[in-house]
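Below is input-v6.cif, which holds mmCIF, C-alpha atoms.
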```cif
data_upload
loop_
_atom_site.label_atom_id
_atom_site.label_comp_id
_atom_site.auth_asym_id
_atom_site.auth_seq_id
_atom_site.Cartn_x
_atom_site.Cartn_y
_atom_site.Cartn_z
CA MET A 1 21.20 86.13 -42.30
CA ARG A 2 19.92 86.77 -45.80
CA ASP A 3 18.63 89.99 -47.27
CA GLY A 4 19.46 91.82 -44.04
CA SER A 5 17.31 89.69 -41.72
CA TYR A 6 17.68 86.49 -39.75
CA ARG A 7 15.29 83.65 -40.52
CA ILE A 8 15.15 79.93 -39.90
CA ILE A 9 16.18 77.87 -42.92
CA SER A 10 17.13 74.25 -43.44
CA ALA A 11 20.79 73.34 -43.00
CA SER A 12 20.77 71.96 -46.54
CA ASP A 13 19.92 75.46 -47.84
CA LEU A 14 22.96 77.10 -46.22
CA VAL A 15 25.75 78.31 -48.49
CA PRO A 16 29.20 79.69 -47.69
CA GLY A 17 28.86 83.34 -46.75
CA ASP A 18 25.57 82.99 -44.84
CA LEU A 19 25.58 84.34 -41.29
CA ILE A 20 24.18 82.00 -38.64
CA ARG A 21 23.30 82.41 -34.98
CA VAL A 22 23.95 79.57 -32.59
CA SER A 23 23.04 79.18 -28.92
CA ALA A 24 23.10 76.55 -26.17
CA GLY A 25 21.54 73.27 -27.22
CA VAL A 26 21.76 73.99 -30.96
CA ARG A 27 23.52 71.58 -33.32
CA VAL A 28 25.89 73.48 -35.61
CA PRO A 29 24.53 73.11 -39.18
CA ALA A 30 27.76 73.77 -41.14
CA ASP A 31 31.42 74.59 -40.58
CA ALA A 32 31.51 78.28 -39.67
CA ARG A 33 34.01 80.90 -38.49
CA LEU A 34 33.02 82.89 -35.42
CA VAL A 35 32.33 86.56 -36.07
CA ALA A 36 31.16 87.66 -32.61
CA LEU A 37 30.15 86.17 -29.29
CA SER A 38 26.75 87.21 -27.96
CA SER A 39 27.59 85.93 -24.48
CA THR A 40 30.69 86.15 -22.30
CA THR A 41 31.82 82.64 -23.29
CA LEU A 42 30.98 79.99 -25.84
CA ARG A 43 31.57 76.30 -25.22
CA VAL A 44 31.02 73.63 -27.86
CA ASP A 45 30.87 69.86 -27.45
CA GLN A 46 32.97 68.61 -30.37
CA ALA A 47 33.50 65.07 -29.11
CA ILE A 48 32.07 63.78 -32.40
CA LEU A 49 35.23 65.07 -34.13
CA THR A 50 37.96 65.09 -31.51
CA GLY A 51 36.83 62.70 -28.78
CA GLU A 52 37.29 65.38 -26.13
CA SER A 53 35.09 64.64 -23.12
CA ALA A 54 34.53 68.27 -22.07
CA PRO A 55 33.06 71.12 -24.11
CA VAL A 56 35.72 73.35 -25.70
CA MET A 57 35.97 77.11 -25.18
CA LYS A 58 35.63 79.09 -28.42
CA GLU A 59 36.64 82.67 -29.23
CA ALA A 60 36.18 85.04 -32.14
CA GLU A 61 39.87 85.99 -32.51
CA ALA A 62 41.60 84.61 -35.59
CA VAL A 63 43.92 81.60 -35.30
CA ALA A 64 47.32 82.51 -36.77
CA GLU A 65 48.45 78.93 -37.52
CA VAL A 66 47.98 77.84 -41.12
CA GLY A 67 46.68 74.27 -41.30
CA ALA A 68 46.01 74.10 -37.55
CA GLU A 69 44.54 70.90 -36.12
CA ILE A 70 40.83 70.84 -35.32
CA GLN A 71 41.52 71.20 -31.58
CA ALA A 72 43.57 74.37 -32.19
CA ARG A 73 40.89 76.11 -34.28
CA ARG A 74 39.29 78.01 -31.42
CA ASN A 75 37.48 80.37 -33.79
CA MET A 76 35.69 77.63 -35.77
CA LEU A 77 32.40 75.82 -35.26
CA PHE A 78 32.11 72.42 -36.89
CA SER A 79 29.07 70.81 -38.46
CA GLY A 80 27.44 68.20 -36.23
CA THR A 81 28.85 69.56 -32.98
CA THR A 82 26.58 70.99 -30.27
CA VAL A 83 26.75 74.34 -28.50
CA ALA A 84 26.93 73.56 -24.78
CA TYR A 85 26.98 77.10 -23.39
CA GLY A 86 26.63 80.62 -24.74
CA SER A 87 25.62 82.09 -28.08
CA ALA A 88 27.38 83.60 -31.08
CA THR A 89 27.19 84.72 -34.68
CA ALA A 90 29.30 82.93 -37.29
CA ILE A 91 29.81 82.94 -41.04
CA VAL A 92 29.40 79.67 -42.93
CA VAL A 93 32.63 78.59 -44.63
CA SER A 94 31.78 75.07 -45.80
CA THR A 95 28.79 72.76 -46.14
CA ALA A 96 27.97 69.12 -46.95
CA THR A 97 31.00 66.96 -47.84
CA LYS A 98 33.36 69.93 -47.60
CA THR A 99 32.85 70.13 -43.80
CA GLU A 100 35.24 68.36 -41.43
CA ILE A 101 32.62 65.71 -40.60
CA GLY A 102 31.84 65.37 -44.31
CA LYS A 103 35.51 64.75 -45.07
CA ILE A 104 35.58 61.98 -42.47
CA GLY A 105 32.45 60.42 -43.95
CA LYS A 106 33.95 60.56 -47.42
CA GLN A 107 37.16 58.87 -46.22
CA VAL A 108 35.22 56.12 -44.46
CA SER A 109 33.03 55.41 -47.49
CA THR A 110 36.00 55.17 -49.87
CA THR A 111 38.16 52.98 -47.63
CA GLU A 112 38.55 49.45 -48.94
CA THR A 113 38.64 46.69 -46.37
CA ALA A 114 41.17 43.93 -46.83
CA ALA A 115 40.02 40.35 -46.46
CA SER A 116 40.90 38.89 -43.08
CA PRO A 117 43.07 35.76 -42.90
CA LEU A 118 40.05 33.78 -41.68
CA LYS A 119 37.96 34.89 -44.65
CA MET A 120 40.74 33.94 -47.06
CA LYS A 121 41.05 30.47 -45.49
CA LEU A 122 37.27 29.98 -45.59
CA ASP A 123 37.21 30.97 -49.27
CA GLU A 124 39.99 28.48 -50.02
CA PHE A 125 38.13 25.76 -48.10
CA GLY A 126 34.90 26.55 -49.97
CA GLU A 127 36.65 26.24 -53.33
CA LEU A 128 38.26 22.93 -52.31
CA LEU A 129 34.94 21.56 -51.02
CA THR A 130 33.23 22.55 -54.28
CA LYS A 131 35.89 20.75 -56.34
CA VAL A 132 35.65 17.60 -54.18
CA CYS A 133 31.84 17.56 -54.42
CA CYS A 134 31.92 18.02 -58.22
CA ASN A 135 34.43 15.15 -58.59
CA LEU A 136 32.32 12.86 -56.37
CA PHE A 137 29.16 13.59 -58.36
CA THR A 138 30.88 12.97 -61.70
CA LEU A 139 32.27 9.62 -60.49
CA SER A 140 28.94 8.32 -59.28
#
```

How does this structure look as structure tokens?
Amino acid sequence: MRDGSYRIISASDLVPGDLIRVSAGVRVPADARLVALSSTTLRVDQAILTGESAPVMKEAEAVAEVGAEIQARRNMLFSGTTVAYGSATAIVVSTATKTEIGKIGKQVSTTETAASPLKMKLDEFGELLTKVCCNLFTLS
């Protein structure tokens, strides 16, 4: 909702504070806190974040725990998840790399991979082979 009316905008144009409406089949465009349910229940498939096989029931009441795990945040919708049943209004709280899925992506992209023992042995062998070949060519 902007300027008092709802309109369709790109997810990349959302900013914290925007009100969004979500309904069954819609992919959640940003992390958002539920304001009100428009149906009796709201279920969201958040397997992309938590691995849960069944859609999770959501509610508009505030979660009292500070720093609660993703599974315990029953009043939050997360970017990239899909609404399985129901509809609701929510307020955007974070976008892009500040979303939970964005944080995961950032961690994955900055993780350095250690060389495996096989790769280290192959590198050593390659260096040894290069030295042997160079010595053979200089002798002949």

Write out as a list in words each polymer residue whose atoms come within 12 Å of range 11-16 of chain A, counting only C-alpha atoms; drop sequence neighbours fewer than 3 positions from it.
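My reading of the contact set: Met1, Arg2, Arg7, Ile8, Leu19, Ile20, Arg27, Val28, Pro29, Ala30, Asp31, Ala32, Arg33, Ser79, Gly80, Ala90, Ile91, Val92, Val93, Ser94, Thr95, Ala96, Thr97, Lys98 and Thr99 of chain A.
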
Same residues, C-alpha atoms, saved as a compact mmCIF listing (two decimals), in the frame of the given file:
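So out.txt came out as:
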```txt
# COMPACT_ATOMS: atom_id res chain seq x y z
CA MET A 1 21.20 86.13 -42.30
CA ARG A 2 19.92 86.77 -45.80
CA ARG A 7 15.29 83.65 -40.52
CA ILE A 8 15.15 79.93 -39.90
CA LEU A 19 25.58 84.34 -41.29
CA ILE A 20 24.18 82.00 -38.64
CA ARG A 27 23.52 71.58 -33.32
CA VAL A 28 25.89 73.48 -35.61
CA PRO A 29 24.53 73.11 -39.18
CA ALA A 30 27.76 73.77 -41.14
CA ASP A 31 31.42 74.59 -40.58
CA ALA A 32 31.51 78.28 -39.67
CA ARG A 33 34.01 80.90 -38.49
CA SER A 79 29.07 70.81 -38.46
CA GLY A 80 27.44 68.20 -36.23
CA ALA A 90 29.30 82.93 -37.29
CA ILE A 91 29.81 82.94 -41.04
CA VAL A 92 29.40 79.67 -42.93
CA VAL A 93 32.63 78.59 -44.63
CA SER A 94 31.78 75.07 -45.80
CA THR A 95 28.79 72.76 -46.14
CA ALA A 96 27.97 69.12 -46.95
CA THR A 97 31.00 66.96 -47.84
CA LYS A 98 33.36 69.93 -47.60
CA THR A 99 32.85 70.13 -43.80
```

Test item: residues at most 9 Å from range 44-51 of chain A, only C-alpha atoms, excluding those fewer than 6 positions along its chain, as a ChimeraX atom specification
/A:24,57-58,70-71,77-78,80-86,100-101,104

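Shortest atom-to-atom contact with Thr89 in chain A among A:Ser10, A:Gln107, A:Thr130, A:Ser38: A:Ser38, counting only C-alpha atoms.
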
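Separating CA of Gly67 in chain A from CA of Val108 in chain A is a distance of 21.7 Å.
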
Show me, as lines of an AutoDock Vina configuration file, the centre and edge lengths in Å to one decimal of the axis-aligned box that covers every listed atom of range 31-48 of chain A with 5 Å on each side.
```
center_x = 30.4
center_y = 75.7
center_z = -31.4
size_x = 17.3
size_y = 33.9
size_z = 28.3
```

Between A:Val56, A:Val66, A:Ala88, A:Cys133, which has the minimum distance to Val26 in chain A (counting all atoms listed in the file)?
A:Ala88

Can you tell me how far CA of Ala114 in chain A sits from CA of Glu69 in chain A, in Å to one decimal?
29.2 Å

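Picture a line from CA of Arg21 in chain A to CA of Lys106 in chain A; it runs 27.3 Å.
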
Using all atoms listed in the file, which residue out of A:Asp3, A:Leu128, A:Glu59, A:Asp18 lies closest to Ala72 in chain A?
A:Glu59
